[in-house]
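Below is the file start23.txt, which contains compact mmCIF, C-alpha atoms and all ligand atoms.
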```txt
# COMPACT_ATOMS: atom_id res chain seq x y z
CA MET M 1 0.27 -14.82 -13.47
CA ASN M 2 -0.33 -15.41 -9.81
CA GLU M 3 -3.62 -14.02 -8.50
CA THR M 4 -3.33 -15.16 -4.86
CA ALA M 5 -5.09 -12.86 -2.41
CA THR M 6 -2.96 -11.12 0.22
CA LEU M 7 -5.65 -11.13 2.89
CA TRP M 8 -9.14 -12.55 3.10
CA TRP M 9 -11.96 -13.50 5.45
CA ASP M 10 -12.16 -17.15 6.48
CA THR M 11 -15.83 -17.97 7.05
CA GLY M 12 -15.21 -21.26 8.89
CA THR M 13 -13.09 -19.72 11.64
CA GLU M 14 -14.52 -16.20 11.34
CA SER M 15 -11.05 -14.74 11.14
CA ILE M 16 -8.89 -12.57 8.89
CA CYS M 17 -6.25 -14.62 7.09
CA TYR M 18 -3.17 -13.01 5.60
CA ILE M 19 0.29 -13.74 4.23
CA ASP M 20 2.84 -12.67 6.86
CA GLN M 21 5.04 -10.32 4.82
CA THR M 22 7.77 -10.07 7.46
CA LEU M 23 8.74 -13.71 6.78
CA LEU M 24 9.07 -13.52 2.99
CA PRO M 25 10.97 -14.60 0.97
CA GLU M 26 12.23 -17.29 3.35
CA LYS M 27 8.85 -18.51 4.58
CA TYR M 28 5.35 -18.37 3.09
CA THR M 29 3.12 -18.39 6.16
CA ILE M 30 -0.60 -17.75 6.44
CA VAL M 31 -1.70 -16.21 9.75
CA LYS M 32 -5.26 -16.44 11.09
CA CYS M 33 -6.19 -13.38 13.10
CA ARG M 34 -9.19 -13.27 15.42
CA SER M 35 -8.63 -10.24 17.61
CA ILE M 36 -8.29 -6.51 17.05
CA GLY M 37 -5.17 -6.39 19.24
CA ARG M 38 -3.47 -9.00 17.03
CA LEU M 39 -4.57 -7.20 13.85
CA ALA M 40 -3.19 -3.89 15.17
CA THR M 41 0.13 -5.60 15.93
CA ALA M 42 0.20 -7.18 12.46
CA ILE M 43 -0.24 -3.76 10.84
CA LYS M 44 2.37 -2.08 13.07
CA ARG M 45 4.89 -4.88 12.42
CA LEU M 46 4.22 -4.73 8.64
CA GLU M 47 2.97 -8.31 8.51
CA ILE M 48 0.22 -6.61 6.50
CA ARG M 49 1.45 -3.53 4.65
CA GLY M 50 1.04 -1.39 1.53
CA ALA M 51 -1.66 1.27 1.28
CA PRO M 52 -4.45 -0.61 -0.56
CA ALA M 53 -3.88 -3.76 1.54
CA LEU M 54 -4.19 -1.58 4.65
CA GLY M 55 -7.52 -0.33 3.31
CA VAL M 56 -8.73 -3.91 3.00
CA ALA M 57 -7.32 -4.74 6.46
CA GLY M 58 -9.16 -1.74 7.95
CA ALA M 59 -12.40 -2.86 6.32
CA TYR M 60 -12.05 -6.48 7.49
CA GLY M 61 -10.95 -5.12 10.87
CA ILE M 62 -14.36 -3.51 11.38
CA ALA M 63 -16.06 -6.74 10.26
CA LEU M 64 -13.94 -8.59 12.84
CA ALA M 65 -14.68 -6.02 15.57
CA ALA M 66 -18.42 -6.47 14.90
CA ARG M 67 -18.04 -10.26 14.96
CA VAL M 68 -16.07 -10.53 18.23
CA CYS M 69 -18.03 -7.93 20.19
CA GLN M 70 -20.07 -9.71 22.88
CA LYS M 71 -22.44 -6.83 23.72
CA ASN M 72 -26.18 -7.36 23.26
CA ASP M 73 -27.13 -3.71 23.55
CA LEU M 74 -26.88 -1.82 20.24
CA TYR M 75 -25.43 1.33 21.80
CA ALA M 76 -22.73 -0.65 23.69
CA PHE M 77 -22.02 -2.67 20.52
CA PHE M 78 -21.32 0.44 18.46
CA ALA M 79 -19.24 1.93 21.29
CA ASP M 80 -16.99 -1.17 21.22
CA VAL M 81 -16.71 -1.17 17.43
CA HIS M 82 -15.75 2.53 17.50
CA LYS M 83 -13.10 1.83 20.15
CA ASP M 84 -11.62 -0.90 17.95
CA ALA M 85 -11.75 1.40 14.92
CA LYS M 86 -9.71 3.96 16.87
CA ILE M 87 -7.10 1.34 17.78
CA LEU M 88 -6.73 0.25 14.15
CA ARG M 89 -6.68 3.80 12.78
CA ALA M 90 -3.79 4.73 15.09
CA THR M 91 -1.50 1.94 13.87
CA ARG M 92 -0.05 3.76 10.85
CA PRO M 93 -0.62 7.45 10.15
CA THR M 94 0.55 8.06 6.57
CA ALA M 95 -1.34 5.59 4.36
CA ILE M 96 -4.78 7.14 3.86
CA ASN M 97 -6.37 3.86 2.74
CA LEU M 98 -6.37 2.41 6.26
CA GLY M 99 -8.79 5.07 7.58
CA TRP M 100 -10.68 5.00 4.29
CA GLY M 101 -11.40 1.25 4.59
CA ILE M 102 -12.40 1.62 8.25
CA ASP M 103 -14.74 4.55 7.53
CA ARG M 104 -16.32 2.90 4.52
CA VAL M 105 -17.50 -0.09 6.58
CA LEU M 106 -18.40 2.02 9.63
CA SER M 107 -20.61 4.28 7.53
CA LYS M 108 -22.52 1.25 6.21
CA ILE M 109 -23.31 -0.20 9.65
CA LEU M 110 -24.01 2.95 11.67
CA PRO M 111 -27.63 3.30 10.45
CA VAL M 112 -28.34 -0.39 11.13
CA GLN M 113 -30.72 -1.12 14.03
CA ASP M 114 -29.79 -4.66 15.03
CA ILE M 115 -26.49 -6.37 15.79
CA PRO M 116 -26.76 -9.49 13.54
CA SER M 117 -27.54 -7.27 10.53
CA ALA M 118 -24.66 -4.93 11.40
CA ARG M 119 -22.30 -7.93 11.50
CA ARG M 120 -23.51 -9.23 8.16
CA ILE M 121 -23.42 -5.83 6.45
CA ALA M 122 -19.91 -5.12 7.82
CA LEU M 123 -18.57 -8.33 6.34
CA ASP M 124 -20.37 -7.82 3.00
CA GLU M 125 -18.89 -4.33 2.71
CA ALA M 126 -15.39 -5.50 3.63
CA GLU M 127 -15.63 -8.22 0.96
CA ALA M 128 -16.71 -5.53 -1.53
CA VAL M 129 -13.67 -3.38 -0.59
CA ALA M 130 -11.35 -6.34 -1.25
CA ARG M 131 -13.06 -7.24 -4.56
CA GLU M 132 -13.07 -3.65 -5.78
CA ASP M 133 -9.39 -3.23 -4.92
CA THR M 134 -8.46 -6.16 -7.14
CA ALA M 135 -10.64 -4.79 -9.94
CA CYS M 136 -9.04 -1.31 -9.55
CA CYS M 137 -5.55 -2.79 -9.77
CA HIS M 138 -6.41 -4.57 -13.03
CA THR M 139 -7.80 -1.37 -14.55
CA ILE M 140 -4.80 0.64 -13.33
CA GLY M 141 -2.65 -2.05 -14.90
CA GLU M 142 -4.33 -1.73 -18.28
CA HIS M 143 -4.16 2.10 -18.30
CA GLY M 144 -0.52 2.04 -17.22
CA ALA M 145 0.61 -0.69 -19.60
CA ALA M 146 -0.28 1.56 -22.55
CA LEU M 147 2.35 4.06 -21.36
CA LEU M 148 5.24 1.61 -21.55
CA PRO M 149 7.33 0.95 -24.67
CA ASP M 150 7.17 -2.58 -26.13
CA THR M 151 10.59 -3.35 -24.68
CA CYS M 152 11.68 -1.49 -21.59
CA THR M 153 13.43 -1.44 -18.25
CA VAL M 154 11.33 -0.09 -15.40
CA LEU M 155 12.64 0.91 -11.99
CA THR M 156 10.37 0.54 -8.96
CA HIS M 157 10.83 1.28 -5.28
CA CYS M 158 9.40 -0.56 -2.26
CA ASN M 159 6.63 -3.05 -3.01
CA ALA M 160 3.53 -1.83 -4.80
CA GLY M 161 2.59 -5.32 -5.90
CA SER M 162 -0.05 -7.87 -5.11
CA LEU M 163 1.24 -8.10 -1.51
CA ALA M 164 0.55 -4.39 -1.03
CA CYS M 165 -3.01 -4.72 -2.36
CA SER M 166 -5.80 -7.26 -2.37
CA SER M 167 -3.97 -8.82 -5.32
CA TRP M 168 -2.30 -7.89 -8.70
CA GLY M 169 -0.79 -4.60 -7.48
CA THR M 170 -0.61 -0.98 -8.59
CA ALA M 171 2.94 -0.31 -9.89
CA LEU M 172 3.52 -4.05 -10.34
CA GLY M 173 -0.03 -4.33 -11.72
CA VAL M 174 1.06 -2.04 -14.56
CA ILE M 175 4.09 -4.26 -15.18
CA ARG M 176 2.00 -7.46 -14.97
CA SER M 177 -0.57 -6.08 -17.42
CA ALA M 178 2.17 -4.95 -19.81
CA VAL M 179 3.78 -8.41 -19.75
CA ASN M 180 0.37 -10.06 -20.19
CA GLY M 181 -0.14 -7.85 -23.23
CA GLY M 182 3.09 -9.12 -24.81
CA LYS M 183 5.51 -6.35 -23.77
CA GLN M 184 9.00 -7.23 -22.68
CA VAL M 185 9.58 -5.58 -19.31
CA ASN M 186 12.72 -5.86 -17.23
CA VAL M 187 12.24 -4.66 -13.68
CA ILE M 188 14.88 -3.01 -11.54
CA ALA M 189 13.79 -3.36 -7.91
CA CYS M 190 15.42 -1.03 -5.40
CA GLU M 191 16.04 -3.03 -2.24
CA THR M 192 14.32 -0.30 -0.15
CA ARG M 193 16.15 0.21 3.11
CA PRO M 194 15.62 -0.41 5.93
CA LEU M 195 13.01 -3.20 5.73
CA LEU M 196 13.82 -4.34 2.19
CA GLN M 197 10.32 -4.50 0.74
CA GLY M 198 11.89 -4.25 -2.73
CA SER M 199 14.39 -7.09 -2.48
CA ARG M 200 12.26 -9.33 -0.26
CA LEU M 201 8.76 -8.77 -1.64
CA THR M 202 8.91 -7.21 -5.12
CA ALA M 203 11.61 -9.62 -6.29
CA TRP M 204 9.73 -12.59 -4.75
CA GLU M 205 6.47 -11.68 -6.48
CA LEU M 206 8.04 -11.06 -9.87
CA ILE M 207 10.12 -14.22 -9.85
CA ARG M 208 6.99 -16.19 -8.95
CA ASP M 209 5.35 -14.71 -12.07
CA GLY M 210 8.37 -15.30 -14.31
CA ILE M 211 9.04 -11.57 -14.83
CA ASP M 212 12.71 -10.52 -15.15
CA VAL M 213 13.87 -8.67 -12.05
CA THR M 214 17.23 -7.30 -10.93
CA VAL M 215 17.69 -6.09 -7.37
CA ILE M 216 19.91 -3.05 -6.73
CA THR M 217 20.90 -1.10 -3.65
CA ASP M 218 18.87 2.11 -3.39
CA SER M 219 21.99 4.18 -4.01
CA SER M 220 22.60 2.49 -7.38
CA ALA M 221 19.47 4.01 -8.92
CA ALA M 222 21.03 7.35 -9.88
CA HIS M 223 23.94 5.59 -11.57
CA LEU M 224 21.56 3.48 -13.68
CA MET M 225 19.52 6.53 -14.66
CA ARG M 226 22.70 8.36 -15.69
CA THR M 227 23.94 5.44 -17.78
CA GLY M 228 20.67 5.21 -19.72
CA THR M 229 19.49 1.86 -18.36
CA ILE M 230 16.10 3.01 -17.06
CA ASP M 231 13.21 3.82 -19.44
CA ALA M 232 10.58 4.62 -16.82
CA ILE M 233 9.99 4.68 -13.09
CA ILE M 234 6.71 3.44 -11.60
CA VAL M 235 5.92 3.62 -7.90
CA GLY M 236 2.80 3.29 -5.75
CA ALA M 237 1.55 5.82 -3.21
CA ASP M 238 0.42 5.92 0.40
CA ARG M 239 -1.36 9.25 0.09
CA ILE M 240 -1.73 11.76 -2.75
CA THR M 241 -2.52 15.35 -1.81
CA ARG M 242 -3.05 18.28 -4.18
CA ASP M 243 0.66 19.09 -4.01
CA ALA M 244 2.57 15.88 -3.29
CA VAL M 245 2.78 12.12 -3.51
CA PHE M 246 3.66 10.35 -0.27
CA ASN M 247 5.40 7.04 -0.76
CA LYS M 248 8.16 4.91 0.75
CA ILE M 249 11.21 6.84 1.90
CA GLY M 250 13.60 7.20 -1.03
CA THR M 251 10.92 7.83 -3.65
CA TYR M 252 11.66 11.58 -3.75
CA MET M 253 15.31 11.08 -4.66
CA HIS M 254 14.29 8.86 -7.59
CA ALA M 255 11.84 11.54 -8.80
CA VAL M 256 14.47 14.30 -8.65
CA CYS M 257 16.95 12.14 -10.47
CA ALA M 258 14.38 11.07 -13.07
CA ARG M 259 13.60 14.70 -13.88
CA TYR M 260 17.30 15.50 -14.27
CA HIS M 261 17.70 12.59 -16.71
CA ASN M 262 14.37 13.11 -18.55
CA ILE M 263 12.96 9.76 -17.47
CA PRO M 264 9.16 9.54 -16.99
CA PHE M 265 8.19 9.20 -13.33
CA TYR M 266 4.76 7.51 -12.96
CA VAL M 267 2.67 6.98 -9.84
CA ALA M 268 0.09 4.16 -9.92
CA ALA M 269 -2.65 4.39 -7.28
CA PRO M 270 -6.38 3.93 -6.82
CA LEU M 271 -8.58 6.99 -6.18
CA SER M 272 -8.96 5.81 -2.56
CA THR M 273 -5.35 6.97 -2.04
CA PHE M 274 -6.19 10.59 -2.90
CA ASP M 275 -6.62 13.04 -0.04
CA THR M 276 -8.51 16.10 -1.20
CA GLN M 277 -8.69 17.57 2.33
CA LYS M 278 -5.03 17.92 3.19
CA SER M 279 -1.93 19.35 1.63
CA GLU M 280 1.66 18.22 2.07
CA ARG M 281 2.37 20.17 5.23
CA ASP M 282 -0.64 18.63 7.08
CA VAL M 283 0.37 15.00 6.54
CA ILE M 284 2.16 13.08 9.30
CA ILE M 285 5.17 11.14 8.09
CA GLU M 286 5.46 7.97 10.13
CA GLU M 287 8.73 7.55 12.01
CA ARG M 288 9.62 4.02 13.03
CA GLY M 289 11.90 2.42 15.61
CA ARG M 290 15.68 2.81 15.50
CA GLU M 291 16.27 -0.97 15.59
CA GLU M 292 15.03 -1.22 11.98
CA VAL M 293 18.07 0.86 10.96
CA THR M 294 20.65 -0.20 13.52
CA THR M 295 20.39 -3.97 13.26
CA MET M 296 20.35 -6.66 10.59
CA GLY M 297 19.69 -10.14 11.85
CA CYS M 298 21.63 -10.46 15.10
CA ARG M 299 24.28 -7.84 14.25
CA VAL M 300 24.31 -4.20 15.27
CA TYR M 301 25.61 -1.72 12.67
CA VAL M 302 25.23 1.61 14.49
CA PRO M 303 26.88 2.66 17.77
CA ASP M 304 24.38 2.88 20.64
CA ALA M 305 25.16 6.56 21.21
CA ALA M 306 24.33 7.60 17.62
CA VAL M 307 21.02 9.33 16.98
CA VAL M 308 18.96 7.51 14.32
CA LYS M 309 16.07 8.87 12.27
CA ASN M 310 13.89 6.29 10.55
CA TYR M 311 11.34 8.01 8.31
CA ALA M 312 8.99 5.53 6.65
CA PHE M 313 7.84 7.86 3.85
CA ASP M 314 8.72 11.02 1.97
CA ALA M 315 6.81 13.52 -0.15
CA THR M 316 7.48 14.03 -3.86
CA PRO M 317 6.21 17.39 -5.12
CA MET M 318 3.59 17.07 -7.84
CA ASN M 319 5.70 18.96 -10.39
CA LEU M 320 8.12 16.02 -10.52
CA VAL M 321 5.35 13.53 -11.41
CA THR M 322 4.90 12.78 -15.10
CA ALA M 323 1.46 11.20 -14.65
CA ILE M 324 -0.70 9.44 -12.09
CA ILE M 325 -2.27 6.18 -13.26
CA THR M 326 -5.67 5.54 -11.64
CA GLU M 327 -8.56 3.18 -12.30
CA GLN M 328 -10.36 6.07 -14.01
CA GLY M 329 -7.53 6.75 -16.43
CA VAL M 330 -4.20 8.56 -16.60
CA MET M 331 -3.96 11.99 -15.03
CA HIS M 332 -1.46 14.04 -16.99
CA PRO M 333 0.22 17.15 -15.64
CA PRO M 334 -0.49 19.62 -14.34
CA VAL M 335 -2.16 17.47 -11.66
CA SER M 336 -4.31 19.90 -9.70
CA ILE M 337 -6.89 19.64 -6.98
CA ASP M 338 -9.57 20.27 -9.64
CA SER M 339 -8.39 17.35 -11.75
CA ILE M 340 -8.35 15.11 -8.66
CA LEU M 341 -11.86 16.17 -7.70
CA SER M 342 -13.20 15.70 -11.22
CA PHE M 343 -11.63 12.23 -11.38
CA LYS M 344 -13.20 11.37 -8.03
CA SER M 345 -16.60 12.69 -9.00
CA THR M 346 -16.75 10.63 -12.19
CA LYS M 347 -16.37 7.49 -10.11
O1 LIG D 401 5.83 0.79 4.89
P1 LIG D 401 5.10 0.08 3.79
O2 LIG D 401 5.79 -1.15 3.34
O3 LIG D 401 3.65 -0.14 4.13
O4 LIG D 401 5.15 1.12 2.59
C1 LIG D 401 4.45 0.79 1.42
C2 LIG D 401 4.71 1.72 0.30
O5 LIG D 401 5.33 2.75 0.46
C3 LIG D 401 4.07 1.40 -1.01
O6 LIG D 401 4.82 1.88 -2.07
C4 LIG D 401 2.68 2.06 -1.05
O7 LIG D 401 1.91 1.67 0.04
C5 LIG D 401 1.94 1.75 -2.30
S1 LIG D 401 1.39 0.09 -2.30
C6 LIG D 401 0.47 -0.21 -3.68
```
Represent the structure of the file as structure tokens.
Amino acid sequence: MNETATLWWDTGTESICYIDQTLLPEKYTIVKCRSIGRLATAIKRLEIRGAPALGVAGAYGIALAARVCQKNDLYAFFADVHKDAKILRATRPTAINLGWGIDRVLSKILPVQDIPSARRIALDEAEAVAREDTACCHTIGEHGAALLPDTCTVLTHCNAGSLACSSWGTALGVIRSAVNGGKQVNVIACETRPLLQGSRLTAWELIRDGIDVTVITDSSAAHLMRTGTIDAIIVGADRITRDAVFNKIGTYMHAVCARYHNIPFYVAAPLSTFDTQKSERDVIIEERGREEVTTMGCRVYVPDAAVVKNYAFDATPMNLVTAIITEQGVMHPPVSIDSILSFKSTK
């Protein structure tokens, strides 16, 4: 199985390197990023995307901010790093991991009294975030694999694979671990309108690993559930509150349909994706530009005068979730704030 990292720090050039996900599957391009402005653009454009990968990008972003800051005065240095943190934090509002990665590195360097040490500690912590994310994905994979039958067809939505994480993946990590353990898993990848993370990224990753994958239009999912083709659904998450799972737009309709057809609906996510402070109504759902919906390539598919709504995520109520697979184990229903807190505290 392929264990290529999605983003990493290049010591020679002191830059963040990443696979540009907007170009896949046509082109595999590594970008070197050496400014906060460029990193913010990469996150907004979804060159780097997926909640855990955004956590790693936020962490490396603070390491980069500390590296490129030219100030010699400690107070001015921290003021600049905080300004850059604010720019990065504002790029995408729904995935909690972005702010989590930023805050984790910031909290390590704030007590530091000299700039060279702050730079070194920021990079060490960012590297730890990346390493731990990969380790979490492998553990999530092992816990989740045990839930799957020996031979099964699993539907997934969006891309919760190695590209969405440091490597390995959450939902696709479960599938990879199951296949590694000798299970026969067929994957149905929903194309995931409008930016096609399922058909472009999930299918690309799985084919690279030799795992069977079939791409369907999002609206085919209900038909396949009704005809008995799907044994389980596994998705990732951008934020998990006490009452809902936020994930790529379209996830909710799969969960409703899965309940109707008695198909288990699993969410695979690290504990860093849990938000114990907010509930569903407090979370901002990112809305993106109309051109993502109205155009494909050079062609326009929507009249200029039509109003377009482009929600990036939706919320699935917790009562539709069969179980949440974390690095600490599988959380079975009812998933409550107490169970989330006790999982977090055992970490
Ligand atoms: O808009 P995206 O592509 O960043 O959305 C990503 C998703 O919705 C993923 O399913 C989620 O981040 C989980 S990734 C392990």
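Straight-line separation from atom CA of M:Glu205 to atom CA of M:Ser162: 7.7 Å.
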- Mind checking which residues fall within 6 Å of stretch 122-128 of chain M, counting all atoms listed in the file, ignoring those fewer than 5 positions away in the same chain, and posting them as a PyMOL selection string? chain M and resi 59-60+63+105
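Using all atoms listed in the file, the shortest contact distance between ligand LIG 401 (chain D) and any of M:Trp204, M:Phe77, M:Trp168, M:Tyr301 is found at M:Trp168.
Around M:Gly50, within 10 Å and counting all atoms listed in the file, the residues found are Ile43, Gly55, Ala95, Asn97, Leu98, Cys158, Asn159, Ala160, Gly161, Ser162, Leu163, Ala164, Cys165, Ser166, Gly169, Gln197, Gly236, Ala237, Asp238, Asn247 and Lys248 of chain M, once anything fewer than 5 positions away on its own chain is removed.
For the pair atom CA of M:Ala178 and atom CA of M:Leu320, the interatomic distance is 23.7 Å.
When atom CA of M:Leu155 is paired with atom CA of M:Thr322, their separation reads 14.5 Å.
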- Shell around M:Tyr266 at 8 Å using all atoms listed in the file, local window under 2 positions removed, as JSON, numbers by chain: {"M": [232, 233, 234, 235, 264, 268, 321, 322, 323, 324, 325]}
- Item | Exercise: stretch 100-102 of chain M partners within 9 Å, all atoms listed in the file, chain neighbours under 4 positions left out, as a ChimeraX atom specification | /M:52,54-62,85,88-89,96,106-107,126,129,272-273
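Nearest to M:Thr241 of all the residues M:Cys298, M:Leu110, M:Ala146, M:Leu271 is M:Leu271, based on only C-alpha atoms.
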- Item | Proximity to M:Thr13 - best of M:His254, M:Lys27, M:Lys32, M:Arg226, all atoms listed in the file | M:Lys32
May I have the centre and edge lengths, in Å to one decimal, of an axis-aligned box around the listed atoms of stretch 262-275 of chain M with 8 Å added to every side, as JSON?
```
{"center_x": 2.7, "center_y": 8.5, "center_z": -9.3, "size_x": 39.3, "size_y": 25.2, "size_z": 34.5}
```
- Which is closer to ligand LIG 401 (chain D) than all the others in M:Lys183, M:Arg288, M:His82, M:Arg176, using all atoms listed in the file? M:Arg288
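You can rank M:Gly210, M:Gly12, M:Gly289, M:Gly181 by their closest distance to M:Val307 using all atoms listed in the file, and at the top of that list sits M:Gly289.
Restricting the calculation to all atoms listed in the file, the smallest distance between M:Ser167 and any of M:Asp212, M:Asp243, M:Glu142, M:Asp133 is found for M:Asp133.
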- Skip M:Tyr311 itself and residues of its chain fewer than 6 positions away, then list as a ChimeraX atom specification all residues within 7 Å of it, counting only C-alpha atoms. /M:249,285-288
Can you fill out stretch 289-297 of chain M with all heavy atoms and hand it back as a compact mmCIF listing (two decimals), keeping the file's coordinate frame?
```
# COMPACT_ATOMS: atom_id res chain seq x y z
N GLY M 289 10.89 2.68 14.60
CA GLY M 289 11.90 2.42 15.61
C GLY M 289 13.32 2.39 15.06
O GLY M 289 13.55 2.04 13.90
N ARG M 290 14.28 2.75 15.93
CA ARG M 290 15.68 2.81 15.50
C ARG M 290 16.25 1.44 15.16
O ARG M 290 17.12 1.30 14.32
CB ARG M 290 16.56 3.52 16.55
CG ARG M 290 16.71 2.82 17.88
CD ARG M 290 17.69 3.58 18.79
NE ARG M 290 19.06 3.20 18.58
CZ ARG M 290 20.08 4.06 18.47
NH1 ARG M 290 19.88 5.35 18.57
NH2 ARG M 290 21.31 3.61 18.29
N GLU M 291 15.71 0.38 15.80
CA GLU M 291 16.27 -0.97 15.59
C GLU M 291 16.13 -1.43 14.13
O GLU M 291 16.91 -2.24 13.66
CB GLU M 291 15.65 -1.98 16.57
CG GLU M 291 14.18 -2.32 16.37
CD GLU M 291 13.21 -1.18 16.69
OE1 GLU M 291 13.60 -0.18 17.33
OE2 GLU M 291 12.03 -1.28 16.27
N GLU M 292 15.17 -0.84 13.40
CA GLU M 292 15.03 -1.22 11.98
C GLU M 292 16.26 -0.75 11.18
O GLU M 292 16.58 -1.34 10.14
CB GLU M 292 13.76 -0.60 11.38
CG GLU M 292 12.48 -1.22 11.94
CD GLU M 292 11.22 -0.61 11.35
OE1 GLU M 292 11.30 0.37 10.60
OE2 GLU M 292 10.13 -1.14 11.67
N VAL M 293 16.90 0.32 11.67
CA VAL M 293 18.07 0.86 10.96
C VAL M 293 19.37 0.32 11.55
O VAL M 293 20.33 0.06 10.83
CB VAL M 293 18.06 2.42 11.05
CG1 VAL M 293 19.30 3.01 10.41
CG2 VAL M 293 16.80 2.97 10.39
N THR M 294 19.37 0.12 12.86
CA THR M 294 20.65 -0.20 13.52
C THR M 294 21.04 -1.67 13.44
O THR M 294 22.21 -2.00 13.60
CB THR M 294 20.62 0.21 15.01
OG1 THR M 294 19.53 -0.50 15.64
CG2 THR M 294 20.43 1.69 15.19
N THR M 295 20.06 -2.54 13.23
CA THR M 295 20.39 -3.97 13.26
C THR M 295 20.00 -4.68 11.96
O THR M 295 19.08 -4.26 11.26
CB THR M 295 19.63 -4.69 14.41
OG1 THR M 295 18.24 -4.45 14.24
CG2 THR M 295 20.07 -4.18 15.76
N MET M 296 20.74 -5.74 11.67
CA MET M 296 20.35 -6.66 10.59
C MET M 296 20.59 -8.05 11.12
O MET M 296 21.74 -8.37 11.48
CB MET M 296 21.21 -6.41 9.36
CG MET M 296 20.52 -5.60 8.31
SD MET M 296 21.32 -5.79 6.73
CE MET M 296 21.09 -4.16 6.11
N GLY M 297 19.55 -8.84 11.21
CA GLY M 297 19.69 -10.14 11.85
C GLY M 297 20.11 -9.92 13.29
O GLY M 297 19.52 -9.10 14.00
```
